[in-house]
Amino acid sequence: MFKGFRSFLLRGNVVDLAVGIVIGAAFTAVVTGFVSAFLTPLVGVASGAVGDFTQKTFEVGGTEFPYGLFVNAVIGFVLTAAVIYFAVVVPVGRLRSRFEKEKPAPAAKVDCPECLSSIPAAATRCSFCTSEVGPRPTLPAQSQALQSH
C-alpha cells in the first residue's frame, strides 16, 4: 500500500503540479499586491474617487446592499487579468515563437480514385489499396517521380 503511494507521489506529474500550484499562489500574491498598491489607486485618481470602493452601499427598503465590495472585486479581477496578460502571456508567447522552429507545410493530399483514401498528391501508387494512380500533369513532383522510374 505504501509502495504504491510512494510511486504516486514521486511521479513527475504530481511533483510538477505541486510546484506549479505553489508558484501560482506566490505569483497571485505578487500580482494582487501590485494591483492593490498601484493600479486600483490609479483607477481612483482617474475616476475622481479614492480608489477603495468597499464602503459604497445603497439601501432599498431598509436593507443595505454593499455594492462597493463587488465593484472592488471586479476592478481587481480586470486589472489582475490585464497585468497577467501583458506581463506574462504576451512576453512568453513572443519568447516561444522566437525559439520554435517553423513547421514545414504539410504535403498536398488527394483522394485515391479506387479506395478514396487520402494519399500524397505526388504519389503514383496508393499506399492503401496499391492501385496505380494516374499522373496528374499539374503536379510537378509527380512528373519528376515518373521520369526517374
# chains A, B, ... in the order shown; residues from 1 in each chain; ligands from 1
call {"tool": "residues_around", "arguments": {"residues": "stretch 87-101 of chain A", "least_positions_apart": "4", "cutoff": "12 Å", "atoms": "only C-alpha atoms", "output": "tab-separated table (two decimals) with N, CA, C and O atoms, in the first residue's frame"}}
result
chain	number	residue	atom	x	y	z
A	27	PHE	N	2.77	33.86	-7.13
A	27	PHE	CA	2.60	34.84	-8.19
A	27	PHE	C	1.29	35.60	-8.02
A	27	PHE	O	1.23	36.81	-8.26
A	31	VAL	N	0.93	39.66	-7.85
A	31	VAL	CA	0.06	40.41	-8.76
A	31	VAL	C	-1.04	41.13	-7.98
A	31	VAL	O	-1.34	42.30	-8.25
A	34	PHE	N	0.49	44.17	-6.38
A	34	PHE	CA	0.75	45.21	-7.37
A	34	PHE	C	-0.54	45.92	-7.76
A	34	PHE	O	-0.59	47.15	-7.84
A	79	LEU	N	-8.02	44.24	-13.56
A	79	LEU	CA	-6.64	44.71	-13.53
A	79	LEU	C	-5.66	43.55	-13.37
A	79	LEU	O	-4.59	43.55	-14.00
A	80	THR	N	-6.01	42.55	-12.57
A	80	THR	CA	-5.14	41.38	-12.41
A	80	THR	C	-5.02	40.63	-13.74
A	80	THR	O	-3.92	40.25	-14.14
A	81	ALA	N	-6.13	40.44	-14.42
A	81	ALA	CA	-6.10	39.76	-15.72
A	81	ALA	C	-5.26	40.54	-16.73
A	81	ALA	O	-4.50	39.96	-17.49
A	82	ALA	N	-5.38	41.87	-16.71
A	82	ALA	CA	-4.60	42.69	-17.64
A	82	ALA	C	-3.11	42.59	-17.33
A	82	ALA	O	-2.29	42.46	-18.24
A	83	VAL	N	-2.75	42.65	-16.05
A	83	VAL	CA	-1.34	42.55	-15.67
A	83	VAL	C	-0.78	41.19	-16.07
A	83	VAL	O	0.30	41.09	-16.66
call {"tool": "atom_distance", "arguments": {"atom1": "atom CA of A:Pro113", "atom2": "atom CA of A:Ser127"}}
result
12.4 Å
call {"tool": "atom_distance", "arguments": {"atom1": "atom CA of A:Glu132", "atom2": "atom CA of A:Glu114"}}
result
9.1 Å
call {"tool": "residues_around", "arguments": {"residues": "A:Ser36", "least_positions_apart": "6", "cutoff": "12 Å", "atoms": "only C-alpha atoms", "output": "list in words"}}
result
Thr28, Ala29, Val30, Leu42, Val43, Gly44, Gly51, Asp52, Phe53, Asn72, Ala73, Ile75, Gly76, Phe77, Val78, Leu79, Thr80 and Val83 of chain A
call {"tool": "atom_distance", "arguments": {"atom1": "atom CA of A:Arg125", "atom2": "atom CA of A:Lys109"}}
result
13.0 Å
call {"tool": "select_by_dssp", "arguments": {"residues": "chain A", "states": "strand (DSSP E or B)", "output": "number ranges by chain"}}
result
A: 58-60, 63-65, 109-111, 118-120, 125, 132
call {"tool": "select_by_dssp", "arguments": {"residues": "stretch 9-115 of chain A", "states": "alpha helix (DSSP H)", "output": "PyMOL selection string"}}
result
chain A and resi 9+12-34+40-47+67-84+90-99
call {"tool": "decode", "arguments": {"residues": "stretch 93-105 of chain A", "atoms": "all heavy atoms", "output": "PDB file, in the first residue's frame"}}
result
ATOM      1  N   GLY A  93       4.627  34.293 -25.002  1.00  0.00           N
ATOM      2  CA  GLY A  93       4.246  33.948 -26.373  1.00  0.00           C
ATOM      3  C   GLY A  93       5.287  34.392 -27.378  1.00  0.00           C
ATOM      4  O   GLY A  93       5.630  33.653 -28.307  1.00  0.00           O
ATOM      5  N   ARG A  94       5.829  35.584 -27.191  1.00  0.00           N
ATOM      6  CA  ARG A  94       6.888  36.060 -28.094  1.00  0.00           C
ATOM      7  C   ARG A  94       8.142  35.221 -27.940  1.00  0.00           C
ATOM      8  O   ARG A  94       8.811  34.917 -28.923  1.00  0.00           O
ATOM      9  CB  ARG A  94       7.192  37.516 -27.813  1.00  0.00           C
ATOM     10  CG  ARG A  94       6.125  38.451 -28.303  1.00  0.00           C
ATOM     11  CD  ARG A  94       6.501  39.884 -28.109  1.00  0.00           C
ATOM     12  NE  ARG A  94       5.399  40.748 -28.517  1.00  0.00           N
ATOM     13  CZ  ARG A  94       5.234  41.972 -28.089  1.00  0.00           C
ATOM     14  NH1 ARG A  94       6.092  42.500 -27.240  1.00  0.00           N
ATOM     15  NH2 ARG A  94       4.218  42.689 -28.501  1.00  0.00           N
ATOM     16  N   LEU A  95       8.464  34.869 -26.714  1.00  0.00           N
ATOM     17  CA  LEU A  95       9.650  34.053 -26.463  1.00  0.00           C
ATOM     18  C   LEU A  95       9.507  32.673 -27.098  1.00  0.00           C
ATOM     19  O   LEU A  95      10.440  32.165 -27.721  1.00  0.00           O
ATOM     20  CB  LEU A  95       9.889  33.926 -24.956  1.00  0.00           C
ATOM     21  CG  LEU A  95      11.178  33.280 -24.515  1.00  0.00           C
ATOM     22  CD1 LEU A  95      12.367  34.132 -24.951  1.00  0.00           C
ATOM     23  CD2 LEU A  95      11.198  33.120 -23.007  1.00  0.00           C
ATOM     24  N   ARG A  96       8.327  32.071 -26.968  1.00  0.00           N
ATOM     25  CA  ARG A  96       8.085  30.759 -27.582  1.00  0.00           C
ATOM     26  C   ARG A  96       8.185  30.834 -29.101  1.00  0.00           C
ATOM     27  O   ARG A  96       8.764  29.960 -29.736  1.00  0.00           O
ATOM     28  CB  ARG A  96       6.706  30.236 -27.201  1.00  0.00           C
ATOM     29  CG  ARG A  96       6.670  29.577 -25.887  1.00  0.00           C
ATOM     30  CD  ARG A  96       5.331  28.920 -25.690  1.00  0.00           C
ATOM     31  NE  ARG A  96       5.273  28.270 -24.400  1.00  0.00           N
ATOM     32  CZ  ARG A  96       4.180  27.833 -23.851  1.00  0.00           C
ATOM     33  NH1 ARG A  96       3.026  27.963 -24.489  1.00  0.00           N
ATOM     34  NH2 ARG A  96       4.195  27.254 -22.674  1.00  0.00           N
ATOM     35  N   SER A  97       7.595  31.867 -29.684  1.00  0.00           N
ATOM     36  CA  SER A  97       7.629  31.975 -31.146  1.00  0.00           C
ATOM     37  C   SER A  97       9.054  32.201 -31.646  1.00  0.00           C
ATOM     38  O   SER A  97       9.396  31.789 -32.750  1.00  0.00           O
ATOM     39  CB  SER A  97       6.716  33.094 -31.632  1.00  0.00           C
ATOM     40  OG  SER A  97       7.220  34.348 -31.214  1.00  0.00           O
ATOM     41  N   ARG A  98       9.888  32.816 -30.834  1.00  0.00           N
ATOM     42  CA  ARG A  98      11.268  33.045 -31.231  1.00  0.00           C
ATOM     43  C   ARG A  98      12.074  31.750 -31.251  1.00  0.00           C
ATOM     44  O   ARG A  98      12.938  31.557 -32.085  1.00  0.00           O
ATOM     45  CB  ARG A  98      11.916  34.039 -30.269  1.00  0.00           C
ATOM     46  CG  ARG A  98      13.319  34.450 -30.680  1.00  0.00           C
ATOM     47  CD  ARG A  98      13.871  35.511 -29.775  1.00  0.00           C
ATOM     48  NE  ARG A  98      13.126  36.744 -29.996  1.00  0.00           N
ATOM     49  CZ  ARG A  98      13.210  37.806 -29.232  1.00  0.00           C
ATOM     50  NH1 ARG A  98      13.996  37.803 -28.192  1.00  0.00           N
ATOM     51  NH2 ARG A  98      12.514  38.890 -29.496  1.00  0.00           N
ATOM     52  N   PHE A  99      11.765  30.835 -30.315  1.00  0.00           N
ATOM     53  CA  PHE A  99      12.539  29.605 -30.202  1.00  0.00           C
ATOM     54  C   PHE A  99      11.927  28.421 -30.928  1.00  0.00           C
ATOM     55  O   PHE A  99      12.590  27.413 -31.111  1.00  0.00           O
ATOM     56  CB  PHE A  99      12.763  29.244 -28.725  1.00  0.00           C
ATOM     57  CG  PHE A  99      13.745  30.155 -28.059  1.00  0.00           C
ATOM     58  CD1 PHE A  99      13.325  31.072 -27.117  1.00  0.00           C
ATOM     59  CD2 PHE A  99      15.084  30.110 -28.391  1.00  0.00           C
ATOM     60  CE1 PHE A  99      14.225  31.924 -26.504  1.00  0.00           C
ATOM     61  CE2 PHE A  99      15.997  30.960 -27.783  1.00  0.00           C
ATOM     62  CZ  PHE A  99      15.559  31.868 -26.836  1.00  0.00           C
ATOM     63  N   GLU A 100      10.680  28.495 -31.320  1.00  0.00           N
ATOM     64  CA  GLU A 100      10.055  27.388 -32.036  1.00  0.00           C
ATOM     65  C   GLU A 100      10.487  27.418 -33.491  1.00  0.00           C
ATOM     66  O   GLU A 100      10.560  28.470 -34.113  1.00  0.00           O
ATOM     67  CB  GLU A 100       8.525  27.485 -31.971  1.00  0.00           C
ATOM     68  CG  GLU A 100       7.961  27.092 -30.643  1.00  0.00           C
ATOM     69  CD  GLU A 100       6.441  27.189 -30.629  1.00  0.00           C
ATOM     70  OE1 GLU A 100       5.847  27.708 -31.591  1.00  0.00           O
ATOM     71  OE2 GLU A 100       5.865  26.773 -29.629  1.00  0.00           O
ATOM     72  N   LYS A 101      10.782  26.245 -34.003  1.00  0.00           N
ATOM     73  CA  LYS A 101      11.133  26.142 -35.414  1.00  0.00           C
ATOM     74  C   LYS A 101       9.860  26.178 -36.239  1.00  0.00           C
ATOM     75  O   LYS A 101       8.813  25.698 -35.812  1.00  0.00           O
ATOM     76  CB  LYS A 101      11.881  24.836 -35.674  1.00  0.00           C
ATOM     77  CG  LYS A 101      13.208  24.769 -34.973  1.00  0.00           C
ATOM     78  CD  LYS A 101      13.901  23.464 -35.269  1.00  0.00           C
ATOM     79  CE  LYS A 101      15.233  23.404 -34.552  1.00  0.00           C
ATOM     80  NZ  LYS A 101      15.915  22.135 -34.758  1.00  0.00           N
ATOM     81  N   GLU A 102       9.992  26.730 -37.427  1.00  0.00           N
ATOM     82  CA  GLU A 102       8.837  26.755 -38.324  1.00  0.00           C
ATOM     83  C   GLU A 102       8.546  25.345 -38.806  1.00  0.00           C
ATOM     84  O   GLU A 102       9.441  24.610 -39.199  1.00  0.00           O
ATOM     85  CB  GLU A 102       9.103  27.658 -39.516  1.00  0.00           C
ATOM     86  CG  GLU A 102       9.140  29.114 -39.175  1.00  0.00           C
ATOM     87  CD  GLU A 102       9.251  29.977 -40.412  1.00  0.00           C
ATOM     88  OE1 GLU A 102       8.759  29.566 -41.479  1.00  0.00           O
ATOM     89  OE2 GLU A 102       9.842  31.042 -40.295  1.00  0.00           O
ATOM     90  N   LYS A 103       7.288  24.984 -38.751  1.00  0.00           N
ATOM     91  CA  LYS A 103       6.885  23.658 -39.207  1.00  0.00           C
ATOM     92  C   LYS A 103       6.747  23.689 -40.725  1.00  0.00           C
ATOM     93  O   LYS A 103       6.196  24.637 -41.284  1.00  0.00           O
ATOM     94  CB  LYS A 103       5.557  23.261 -38.573  1.00  0.00           C
ATOM     95  CG  LYS A 103       5.656  23.113 -37.072  1.00  0.00           C
ATOM     96  CD  LYS A 103       4.326  22.758 -36.471  1.00  0.00           C
ATOM     97  CE  LYS A 103       4.453  22.658 -34.967  1.00  0.00           C
ATOM     98  NZ  LYS A 103       3.171  22.464 -34.324  1.00  0.00           N
ATOM     99  N   PRO A 104       7.250  22.650 -41.397  1.00  0.00           N
ATOM    100  CA  PRO A 104       7.101  22.628 -42.856  1.00  0.00           C
ATOM    101  C   PRO A 104       5.627  22.477 -43.240  1.00  0.00           C
ATOM    102  O   PRO A 104       4.837  21.896 -42.502  1.00  0.00           O
ATOM    103  CB  PRO A 104       7.902  21.401 -43.278  1.00  0.00           C
ATOM    104  CG  PRO A 104       7.974  20.537 -42.062  1.00  0.00           C
ATOM    105  CD  PRO A 104       7.927  21.477 -40.884  1.00  0.00           C
ATOM    106  N   ALA A 105       5.295  23.030 -44.362  1.00  0.00           N
ATOM    107  CA  ALA A 105       3.917  22.934 -44.843  1.00  0.00           C
ATOM    108  C   ALA A 105       3.587  21.462 -45.100  1.00  0.00           C
ATOM    109  O   ALA A 105       4.414  20.717 -45.630  1.00  0.00           O
ATOM    110  CB  ALA A 105       3.741  23.738 -46.114  1.00  0.00           C
TER     111      ALA A 105
END
